[in-house]
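K.L.:
Encoded as structure tokens, here's the structure I'll be asking about.
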Amino acid sequence: MQPDATGLILSPSLLSCDFSRLGEELAALESAGLSWVHWDVMDGHFVPNITFGPGVIAKCRKNSGLFFDVHLMISSPDTYIKEFVDAGADLVCVHAEACTHLERTVSEITRMGAKPAVALNPHTPLAVVEYLLPQLFMVLIMSVNPGFGGQRFIPFSLGKIRALRRMIDGLDSKAIIQVDGGVTLENSRELLEAGATALVSGSAFFSNPPYAERHAAFKSACARN
Ligand code: DX5
Ligand code: ZN
């Protein structure tokens, strides 16, 4: 779960994998030396797309030692947190925009034994999470509007990551920053330098097997010269 020597935790998004071979894809990631995997849960309501739910995650949990980073793009996430933790989520990330009582939701995730994280849509100000930073494991900065893979990185996200880094460093918080959407080999290093630790990559990762080589390419893109 620790960042590698470059300071990077790469979390491949299964949204871009071959769903018909989900178990094999997870095994291939683990063999390629990845430690995290990103599950994009979509309900067709909070976002237009629909993917998978806790039943699929629970089946896959039995055969995988990866850290399950579960990104809930669903309305009313409170209703489902227990199901996702029971399914084997190591981290549960809820959208601030979907939670009326965000502190309560974050406390519930922690109480149930998973790492708590909050995602912010591109337009959502950082102030929404400011008071929660001491109790958060991670803040996810959405660098595209959620719902689909393969979108372009929204440029103002970079300044938002830098501002969040300053906010975290000025508080009693160890929260890490994750960036999700439009992450590529070309922009990864800049994102780490801005203060991110965890990068999600869907299309840029899965479109270029073998995964061990792709993982190595991300690491070398992030390494300082
Ligand atoms: C978007 C998802 C992302 C997405 C990333 O709603 O949260 O995780 O799969 O895909 P790429 O890397 O293709 O932008
Ligand atoms: Zn995601």
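Identifiers in the structure tokens: chain A, B, ... in order shown; residue index from 1 per chain; ligand index from 1 in order shown.
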Would you mind listing the residues within 9 Å of ligand 1, counting only C-alpha atoms and all ligand atoms, as a PyMOL selection string?

P.N.:
chain A and resi 12-16+38-42+47+49+71-73+142-153+179-184+200-206

K.L.:
Please, which residues of stretch 21-184 of chain A, numbered as in this document, come out helix (DSSP H, G or I) from DSSP, as a PDB file with N, CA, C and O atoms, in the first residue's frame?

P.N.:
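Written out: out-v9.pdb:
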```
ATOM      1  N   ARG A  21     -13.272 -11.115 -18.553  1.00  0.00           N
ATOM      2  CA  ARG A  21     -12.144 -11.853 -17.960  1.00  0.00           C
ATOM      3  C   ARG A  21     -11.691 -11.172 -16.672  1.00  0.00           C
ATOM      4  O   ARG A  21     -10.500 -11.083 -16.379  1.00  0.00           O
ATOM      5  N   LEU A  22     -12.648 -10.727 -15.877  1.00  0.00           N
ATOM      6  CA  LEU A  22     -12.338  -9.895 -14.709  1.00  0.00           C
ATOM      7  C   LEU A  22     -11.344 -10.574 -13.755  1.00  0.00           C
ATOM      8  O   LEU A  22     -10.370  -9.967 -13.308  1.00  0.00           O
ATOM      9  N   GLY A  23     -11.600 -11.842 -13.444  1.00  0.00           N
ATOM     10  CA  GLY A  23     -10.715 -12.556 -12.516  1.00  0.00           C
ATOM     11  C   GLY A  23      -9.297 -12.648 -13.053  1.00  0.00           C
ATOM     12  O   GLY A  23      -8.318 -12.449 -12.316  1.00  0.00           O
ATOM     13  N   GLU A  24      -9.193 -12.946 -14.345  1.00  0.00           N
ATOM     14  CA  GLU A  24      -7.851 -13.042 -14.958  1.00  0.00           C
ATOM     15  C   GLU A  24      -7.155 -11.691 -14.965  1.00  0.00           C
ATOM     16  O   GLU A  24      -5.940 -11.602 -14.769  1.00  0.00           O
ATOM     17  N   GLU A  25      -7.922 -10.635 -15.216  1.00  0.00           N
ATOM     18  CA  GLU A  25      -7.331  -9.289 -15.234  1.00  0.00           C
ATOM     19  C   GLU A  25      -6.767  -8.945 -13.847  1.00  0.00           C
ATOM     20  O   GLU A  25      -5.658  -8.403 -13.734  1.00  0.00           O
ATOM     21  N   LEU A  26      -7.518  -9.278 -12.802  1.00  0.00           N
ATOM     22  CA  LEU A  26      -7.040  -8.996 -11.441  1.00  0.00           C
ATOM     23  C   LEU A  26      -5.765  -9.778 -11.147  1.00  0.00           C
ATOM     24  O   LEU A  26      -4.803  -9.253 -10.580  1.00  0.00           O
ATOM     25  N   ALA A  27      -5.755 -11.052 -11.559  1.00  0.00           N
ATOM     26  CA  ALA A  27      -4.561 -11.877 -11.330  1.00  0.00           C
ATOM     27  C   ALA A  27      -3.371 -11.309 -12.099  1.00  0.00           C
ATOM     28  O   ALA A  27      -2.239 -11.285 -11.595  1.00  0.00           O
ATOM     29  N   ALA A  28      -3.631 -10.836 -13.314  1.00  0.00           N
ATOM     30  CA  ALA A  28      -2.536 -10.280 -14.134  1.00  0.00           C
ATOM     31  C   ALA A  28      -1.966  -9.014 -13.495  1.00  0.00           C
ATOM     32  O   ALA A  28      -0.756  -8.783 -13.523  1.00  0.00           O
ATOM     33  N   LEU A  29      -2.832  -8.195 -12.896  1.00  0.00           N
ATOM     34  CA  LEU A  29      -2.347  -6.981 -12.223  1.00  0.00           C
ATOM     35  C   LEU A  29      -1.444  -7.348 -11.046  1.00  0.00           C
ATOM     36  O   LEU A  29      -0.374  -6.763 -10.848  1.00  0.00           O
ATOM     37  N   GLU A  30      -1.889  -8.347 -10.286  1.00  0.00           N
ATOM     38  CA  GLU A  30      -1.118  -8.749  -9.113  1.00  0.00           C
ATOM     39  C   GLU A  30       0.234  -9.312  -9.552  1.00  0.00           C
ATOM     40  O   GLU A  30       1.269  -8.980  -8.976  1.00  0.00           O
ATOM     41  N   SER A  31       0.230 -10.145 -10.587  1.00  0.00           N
ATOM     42  CA  SER A  31       1.505 -10.709 -11.084  1.00  0.00           C
ATOM     43  C   SER A  31       2.415  -9.623 -11.627  1.00  0.00           C
ATOM     44  O   SER A  31       3.635  -9.769 -11.620  1.00  0.00           O
ATOM     45  N   PRO A  54     -21.535  -4.628  -5.176  1.00  0.00           N
ATOM     46  CA  PRO A  54     -20.786  -5.376  -4.160  1.00  0.00           C
ATOM     47  C   PRO A  54     -20.718  -6.881  -4.422  1.00  0.00           C
ATOM     48  O   PRO A  54     -19.757  -7.524  -4.005  1.00  0.00           O
ATOM     49  N   GLY A  55     -21.699  -7.436  -5.111  1.00  0.00           N
ATOM     50  CA  GLY A  55     -21.683  -8.883  -5.389  1.00  0.00           C
ATOM     51  C   GLY A  55     -20.473  -9.275  -6.225  1.00  0.00           C
ATOM     52  O   GLY A  55     -19.802 -10.278  -5.944  1.00  0.00           O
ATOM     53  N   VAL A  56     -20.193  -8.486  -7.236  1.00  0.00           N
ATOM     54  CA  VAL A  56     -19.044  -8.769  -8.118  1.00  0.00           C
ATOM     55  C   VAL A  56     -17.739  -8.608  -7.329  1.00  0.00           C
ATOM     56  O   VAL A  56     -16.825  -9.442  -7.410  1.00  0.00           O
ATOM     57  N   ILE A  57     -17.676  -7.554  -6.528  1.00  0.00           N
ATOM     58  CA  ILE A  57     -16.454  -7.302  -5.748  1.00  0.00           C
ATOM     59  C   ILE A  57     -16.217  -8.446  -4.756  1.00  0.00           C
ATOM     60  O   ILE A  57     -15.093  -8.940  -4.603  1.00  0.00           O
ATOM     61  N   ALA A  58     -17.270  -8.903  -4.106  1.00  0.00           N
ATOM     62  CA  ALA A  58     -17.126  -9.988  -3.121  1.00  0.00           C
ATOM     63  C   ALA A  58     -16.595 -11.267  -3.774  1.00  0.00           C
ATOM     64  O   ALA A  58     -15.733 -11.950  -3.215  1.00  0.00           O
ATOM     65  N   LYS A  59     -17.078 -11.592  -4.957  1.00  0.00           N
ATOM     66  CA  LYS A  59     -16.596 -12.800  -5.654  1.00  0.00           C
ATOM     67  C   LYS A  59     -15.108 -12.664  -5.983  1.00  0.00           C
ATOM     68  O   LYS A  59     -14.333 -13.607  -5.844  1.00  0.00           O
ATOM     69  N   CYS A  60     -14.723 -11.477  -6.432  1.00  0.00           N
ATOM     70  CA  CYS A  60     -13.324 -11.263  -6.834  1.00  0.00           C
ATOM     71  C   CYS A  60     -12.397 -11.201  -5.622  1.00  0.00           C
ATOM     72  O   CYS A  60     -11.217 -11.536  -5.726  1.00  0.00           O
ATOM     73  N   ARG A  61     -12.935 -10.742  -4.508  1.00  0.00           N
ATOM     74  CA  ARG A  61     -12.126 -10.607  -3.287  1.00  0.00           C
ATOM     75  C   ARG A  61     -11.482 -11.933  -2.887  1.00  0.00           C
ATOM     76  O   ARG A  61     -10.352 -11.990  -2.400  1.00  0.00           O
ATOM     77  N   PRO A  77     -24.837   6.936  -0.978  1.00  0.00           N
ATOM     78  CA  PRO A  77     -23.848   5.891  -0.670  1.00  0.00           C
ATOM     79  C   PRO A  77     -23.995   5.312   0.735  1.00  0.00           C
ATOM     80  O   PRO A  77     -23.644   4.147   0.958  1.00  0.00           O
ATOM     81  N   ASP A  78     -24.551   6.103   1.666  1.00  0.00           N
ATOM     82  CA  ASP A  78     -24.687   5.605   3.052  1.00  0.00           C
ATOM     83  C   ASP A  78     -25.413   4.261   3.104  1.00  0.00           C
ATOM     84  O   ASP A  78     -25.094   3.401   3.916  1.00  0.00           O
ATOM     85  N   THR A  79     -26.372   4.096   2.237  1.00  0.00           N
ATOM     86  CA  THR A  79     -27.173   2.873   2.224  1.00  0.00           C
ATOM     87  C   THR A  79     -26.335   1.638   1.908  1.00  0.00           C
ATOM     88  O   THR A  79     -26.708   0.528   2.265  1.00  0.00           O
ATOM     89  N   TYR A  80     -25.225   1.847   1.220  1.00  0.00           N
ATOM     90  CA  TYR A  80     -24.469   0.693   0.698  1.00  0.00           C
ATOM     91  C   TYR A  80     -23.085   0.504   1.313  1.00  0.00           C
ATOM     92  O   TYR A  80     -22.400  -0.467   0.968  1.00  0.00           O
ATOM     93  N   ILE A  81     -22.674   1.389   2.192  1.00  0.00           N
ATOM     94  CA  ILE A  81     -21.300   1.299   2.699  1.00  0.00           C
ATOM     95  C   ILE A  81     -21.026  -0.061   3.333  1.00  0.00           C
ATOM     96  O   ILE A  81     -20.011  -0.704   3.040  1.00  0.00           O
ATOM     97  N   LYS A  82     -21.935  -0.527   4.169  1.00  0.00           N
ATOM     98  CA  LYS A  82     -21.701  -1.808   4.839  1.00  0.00           C
ATOM     99  C   LYS A  82     -21.552  -2.931   3.815  1.00  0.00           C
ATOM    100  O   LYS A  82     -20.669  -3.793   3.937  1.00  0.00           O
ATOM    101  N   GLU A  83     -22.371  -2.908   2.787  1.00  0.00           N
ATOM    102  CA  GLU A  83     -22.275  -3.959   1.757  1.00  0.00           C
ATOM    103  C   GLU A  83     -20.918  -3.959   1.072  1.00  0.00           C
ATOM    104  O   GLU A  83     -20.349  -5.022   0.799  1.00  0.00           O
ATOM    105  N   PHE A  84     -20.405  -2.772   0.790  1.00  0.00           N
ATOM    106  CA  PHE A  84     -19.103  -2.718   0.111  1.00  0.00           C
ATOM    107  C   PHE A  84     -17.967  -3.118   1.052  1.00  0.00           C
ATOM    108  O   PHE A  84     -17.027  -3.784   0.632  1.00  0.00           O
ATOM    109  N   VAL A  85     -18.061  -2.739   2.318  1.00  0.00           N
ATOM    110  CA  VAL A  85     -17.015  -3.151   3.267  1.00  0.00           C
ATOM    111  C   VAL A  85     -17.084  -4.665   3.449  1.00  0.00           C
ATOM    112  O   VAL A  85     -16.061  -5.361   3.405  1.00  0.00           O
ATOM    113  N   ASP A  86     -18.275  -5.190   3.607  1.00  0.00           N
ATOM    114  CA  ASP A  86     -18.421  -6.647   3.749  1.00  0.00           C
ATOM    115  C   ASP A  86     -17.939  -7.382   2.500  1.00  0.00           C
ATOM    116  O   ASP A  86     -17.451  -8.509   2.568  1.00  0.00           O
ATOM    117  N   ALA A  87     -18.071  -6.744   1.350  1.00  0.00           N
ATOM    118  CA  ALA A  87     -17.631  -7.363   0.094  1.00  0.00           C
ATOM    119  C   ALA A  87     -16.114  -7.416  -0.011  1.00  0.00           C
ATOM    120  O   ALA A  87     -15.568  -8.156  -0.832  1.00  0.00           O
ATOM    121  N   ALA A  96     -18.468  13.753  -2.219  1.00  0.00           N
ATOM    122  CA  ALA A  96     -19.013  14.777  -1.334  1.00  0.00           C
ATOM    123  C   ALA A  96     -20.380  15.239  -1.845  1.00  0.00           C
ATOM    124  O   ALA A  96     -21.289  15.501  -1.054  1.00  0.00           O
ATOM    125  N   GLU A  97     -20.531  15.271  -3.181  1.00  0.00           N
ATOM    126  CA  GLU A  97     -21.776  15.790  -3.780  1.00  0.00           C
ATOM    127  C   GLU A  97     -22.963  14.869  -3.517  1.00  0.00           C
ATOM    128  O   GLU A  97     -24.114  15.269  -3.693  1.00  0.00           O
ATOM    129  N   ALA A  98     -22.672  13.624  -3.106  1.00  0.00           N
ATOM    130  CA  ALA A  98     -23.750  12.648  -2.894  1.00  0.00           C
ATOM    131  C   ALA A  98     -24.086  12.469  -1.415  1.00  0.00           C
ATOM    132  O   ALA A  98     -24.964  11.667  -1.077  1.00  0.00           O
ATOM    133  N   LEU A 102     -21.706  14.469   5.417  1.00  0.00           N
ATOM    134  CA  LEU A 102     -20.446  13.839   5.003  1.00  0.00           C
ATOM    135  C   LEU A 102     -19.605  13.362   6.190  1.00  0.00           C
ATOM    136  O   LEU A 102     -18.992  12.300   6.118  1.00  0.00           O
ATOM    137  N   GLU A 103     -19.594  14.116   7.269  1.00  0.00           N
ATOM    138  CA  GLU A 103     -18.795  13.684   8.435  1.00  0.00           C
ATOM    139  C   GLU A 103     -19.309  12.355   8.955  1.00  0.00           C
ATOM    140  O   GLU A 103     -18.541  11.468   9.298  1.00  0.00           O
ATOM    141  N   ARG A 104     -20.623  12.218   8.997  1.00  0.00           N
ATOM    142  CA  ARG A 104     -21.197  10.959   9.485  1.00  0.00           C
ATOM    143  C   ARG A 104     -20.827   9.796   8.558  1.00  0.00           C
ATOM    144  O   ARG A 104     -20.470   8.713   9.011  1.00  0.00           O
ATOM    145  N   THR A 105     -20.869  10.041   7.278  1.00  0.00           N
ATOM    146  CA  THR A 105     -20.535   8.991   6.310  1.00  0.00           C
ATOM    147  C   THR A 105     -19.079   8.552   6.473  1.00  0.00           C
ATOM    148  O   THR A 105     -18.772   7.353   6.502  1.00  0.00           O
ATOM    149  N   VAL A 106     -18.188   9.534   6.605  1.00  0.00           N
ATOM    150  CA  VAL A 106     -16.764   9.231   6.761  1.00  0.00           C
ATOM    151  C   VAL A 106     -16.537   8.445   8.059  1.00  0.00           C
ATOM    152  O   VAL A 106     -15.794   7.454   8.089  1.00  0.00           O
ATOM    153  N   SER A 107     -17.186   8.865   9.138  1.00  0.00           N
ATOM    154  CA  SER A 107     -17.044   8.152  10.418  1.00  0.00           C
ATOM    155  C   SER A 107     -17.565   6.715  10.305  1.00  0.00           C
ATOM    156  O   SER A 107     -16.986   5.796  10.886  1.00  0.00           O
ATOM    157  N   GLU A 108     -18.625   6.531   9.564  1.00  0.00           N
ATOM    158  CA  GLU A 108     -19.183   5.188   9.393  1.00  0.00           C
ATOM    159  C   GLU A 108     -18.214   4.277   8.638  1.00  0.00           C
ATOM    160  O   GLU A 108     -18.042   3.108   8.988  1.00  0.00           O
ATOM    161  N   ILE A 109     -17.587   4.804   7.602  1.00  0.00           N
ATOM    162  CA  ILE A 109     -16.620   3.999   6.826  1.00  0.00           C
ATOM    163  C   ILE A 109     -15.493   3.548   7.758  1.00  0.00           C
ATOM    164  O   ILE A 109     -15.093   2.379   7.775  1.00  0.00           O
ATOM    165  N   THR A 110     -15.002   4.482   8.571  1.00  0.00           N
ATOM    166  CA  THR A 110     -13.914   4.168   9.505  1.00  0.00           C
ATOM    167  C   THR A 110     -14.380   3.131  10.524  1.00  0.00           C
ATOM    168  O   THR A 110     -13.676   2.149  10.796  1.00  0.00           O
ATOM    169  N   ARG A 111     -15.561   3.343  11.090  1.00  0.00           N
ATOM    170  CA  ARG A 111     -16.087   2.437  12.113  1.00  0.00           C
ATOM    171  C   ARG A 111     -16.251   1.018  11.558  1.00  0.00           C
ATOM    172  O   ARG A 111     -16.036   0.034  12.254  1.00  0.00           O
ATOM    173  N   ALA A 127     -12.909  23.470   0.021  1.00  0.00           N
ATOM    174  CA  ALA A 127     -13.402  23.801   1.363  1.00  0.00           C
ATOM    175  C   ALA A 127     -14.384  22.751   1.880  1.00  0.00           C
ATOM    176  O   ALA A 127     -14.523  22.560   3.086  1.00  0.00           O
ATOM    177  N   VAL A 128     -15.021  22.028   0.981  1.00  0.00           N
ATOM    178  CA  VAL A 128     -15.997  21.006   1.381  1.00  0.00           C
ATOM    179  C   VAL A 128     -15.354  19.925   2.262  1.00  0.00           C
ATOM    180  O   VAL A 128     -16.000  19.356   3.133  1.00  0.00           O
ATOM    181  N   VAL A 129     -14.070  19.654   2.047  1.00  0.00           N
ATOM    182  CA  VAL A 129     -13.412  18.601   2.836  1.00  0.00           C
ATOM    183  C   VAL A 129     -12.470  19.152   3.913  1.00  0.00           C
ATOM    184  O   VAL A 129     -11.916  18.377   4.698  1.00  0.00           O
ATOM    185  N   GLU A 130     -12.295  20.458   3.954  1.00  0.00           N
ATOM    186  CA  GLU A 130     -11.262  21.027   4.821  1.00  0.00           C
ATOM    187  C   GLU A 130     -11.336  20.523   6.267  1.00  0.00           C
ATOM    188  O   GLU A 130     -10.346  20.051   6.825  1.00  0.00           O
ATOM    189  N   LEU A 133     -10.267  16.770   6.848  1.00  0.00           N
ATOM    190  CA  LEU A 133      -8.945  16.260   6.446  1.00  0.00           C
ATOM    191  C   LEU A 133      -8.235  15.449   7.537  1.00  0.00           C
ATOM    192  O   LEU A 133      -7.629  14.424   7.229  1.00  0.00           O
ATOM    193  N   PRO A 134      -8.291  15.850   8.819  1.00  0.00           N
ATOM    194  CA  PRO A 134      -7.594  15.044   9.825  1.00  0.00           C
ATOM    195  C   PRO A 134      -8.124  13.609   9.936  1.00  0.00           C
ATOM    196  O   PRO A 134      -7.404  12.726  10.387  1.00  0.00           O
ATOM    197  N   GLN A 135      -9.343  13.360   9.542  1.00  0.00           N
ATOM    198  CA  GLN A 135      -9.872  12.003   9.672  1.00  0.00           C
ATOM    199  C   GLN A 135      -9.933  11.235   8.351  1.00  0.00           C
ATOM    200  O   GLN A 135     -10.357  10.086   8.313  1.00  0.00           O
ATOM    201  N   SER A 157      -7.432  21.224 -12.840  1.00  0.00           N
ATOM    202  CA  SER A 157      -7.255  20.242 -11.749  1.00  0.00           C
ATOM    203  C   SER A 157      -5.862  20.329 -11.150  1.00  0.00           C
ATOM    204  O   SER A 157      -5.675  20.043  -9.957  1.00  0.00           O
ATOM    205  N   LEU A 158      -4.888  20.704 -11.949  1.00  0.00           N
ATOM    206  CA  LEU A 158      -3.509  20.753 -11.461  1.00  0.00           C
ATOM    207  C   LEU A 158      -3.368  21.790 -10.332  1.00  0.00           C
ATOM    208  O   LEU A 158      -2.795  21.501  -9.279  1.00  0.00           O
ATOM    209  N   GLY A 159      -3.940  22.958 -10.532  1.00  0.00           N
ATOM    210  CA  GLY A 159      -3.902  23.982  -9.492  1.00  0.00           C
ATOM    211  C   GLY A 159      -4.683  23.542  -8.258  1.00  0.00           C
ATOM    212  O   GLY A 159      -4.317  23.869  -7.122  1.00  0.00           O
ATOM    213  N   LYS A 160      -5.734  22.785  -8.486  1.00  0.00           N
ATOM    214  CA  LYS A 160      -6.551  22.293  -7.363  1.00  0.00           C
ATOM    215  C   LYS A 160      -5.746  21.297  -6.520  1.00  0.00           C
ATOM    216  O   LYS A 160      -5.813  21.304  -5.287  1.00  0.00           O
ATOM    217  N   ILE A 161      -4.971  20.450  -7.179  1.00  0.00           N
ATOM    218  CA  ILE A 161      -4.122  19.489  -6.452  1.00  0.00           C
ATOM    219  C   ILE A 161      -3.090  20.253  -5.617  1.00  0.00           C
ATOM    220  O   ILE A 161      -2.875  19.942  -4.436  1.00  0.00           O
ATOM    221  N   ARG A 162      -2.483  21.257  -6.211  1.00  0.00           N
ATOM    222  CA  ARG A 162      -1.475  22.053  -5.468  1.00  0.00           C
ATOM    223  C   ARG A 162      -2.109  22.732  -4.253  1.00  0.00           C
ATOM    224  O   ARG A 162      -1.536  22.741  -3.162  1.00  0.00           O
ATOM    225  N   ALA A 163      -3.292  23.261  -4.439  1.00  0.00           N
ATOM    226  CA  ALA A 163      -3.963  23.948  -3.327  1.00  0.00           C
ATOM    227  C   ALA A 163      -4.344  22.960  -2.226  1.00  0.00           C
ATOM    228  O   ALA A 163      -4.233  23.262  -1.033  1.00  0.00           O
ATOM    229  N   LEU A 164      -4.769  21.771  -2.620  1.00  0.00           N
ATOM    230  CA  LEU A 164      -5.106  20.750  -1.615  1.00  0.00           C
ATOM    231  C   LEU A 164      -3.852  20.313  -0.861  1.00  0.00           C
ATOM    232  O   LEU A 164      -3.891  20.115   0.353  1.00  0.00           O
ATOM    233  N   ARG A 165      -2.751  20.185  -1.581  1.00  0.00           N
ATOM    234  CA  ARG A 165      -1.476  19.815  -0.929  1.00  0.00           C
ATOM    235  C   ARG A 165      -1.144  20.832   0.169  1.00  0.00           C
ATOM    236  O   ARG A 165      -0.790  20.482   1.284  1.00  0.00           O
ATOM    237  N   ARG A 166      -1.283  22.121  -0.169  1.00  0.00           N
ATOM    238  CA  ARG A 166      -0.979  23.174   0.815  1.00  0.00           C
ATOM    239  C   ARG A 166      -1.938  23.086   2.000  1.00  0.00           C
ATOM    240  O   ARG A 166      -1.552  23.243   3.152  1.00  0.00           O
ATOM    241  N   MET A 167      -3.205  22.810   1.696  1.00  0.00           N
ATOM    242  CA  MET A 167      -4.211  22.735   2.760  1.00  0.00           C
ATOM    243  C   MET A 167      -3.889  21.576   3.716  1.00  0.00           C
ATOM    244  O   MET A 167      -3.919  21.720   4.936  1.00  0.00           O
ATOM    245  N   ILE A 168      -3.550  20.415   3.153  1.00  0.00           N
ATOM    246  CA  ILE A 168      -3.232  19.236   3.972  1.00  0.00           C
ATOM    247  C   ILE A 168      -1.979  19.507   4.804  1.00  0.00           C
ATOM    248  O   ILE A 168      -1.942  19.211   6.004  1.00  0.00           O
ATOM    249  N   ASP A 169      -0.968  20.076   4.168  1.00  0.00           N
ATOM    250  CA  ASP A 169       0.295  20.315   4.871  1.00  0.00           C
ATOM    251  C   ASP A 169       0.142  21.324   6.013  1.00  0.00           C
ATOM    252  O   ASP A 169       0.898  21.305   6.970  1.00  0.00           O
TER     253      ASP A 169
END
```

K.L.:
Nearest to ligand 2 among A:Leu171, A:Leu120, A:Leu34, A:Leu191, with distances taken over only C-alpha atoms and all ligand atoms: which residue is it?

P.N.:
A:Leu120

K.L.:
Write down as a count of residues only the residues belonging to stretch 36-146 of chain A that are assigned strand (DSSP E or B) by DSSP computed on the backbone.

P.N.:
32

K.L.:
Given the choices A:Val139, A:Leu192, A:Ala223, A:Ala216, which gets closest to ligand 2 if the distance is worked out from only C-alpha atoms and all ligand atoms?

P.N.:
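Counting only C-alpha atoms and all ligand atoms, the residue closest to ligand 2 is A:Val139.
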
K.L.:
Would you mind reading off the distance between atom CA of A:Gly33 and atom CA of A:Ala117, one decimal, in Å?

P.N.:
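Going from atom CA of A:Gly33 over to atom CA of A:Ala117, I get 23.8 Å.
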
K.L.:
Can you work out the spacing between atom CA of A:Pro3 and atom CA of A:Thr197 in Å, to one decimal?

P.N.:
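That distance, rounded to one decimal, is 7.0 Å.
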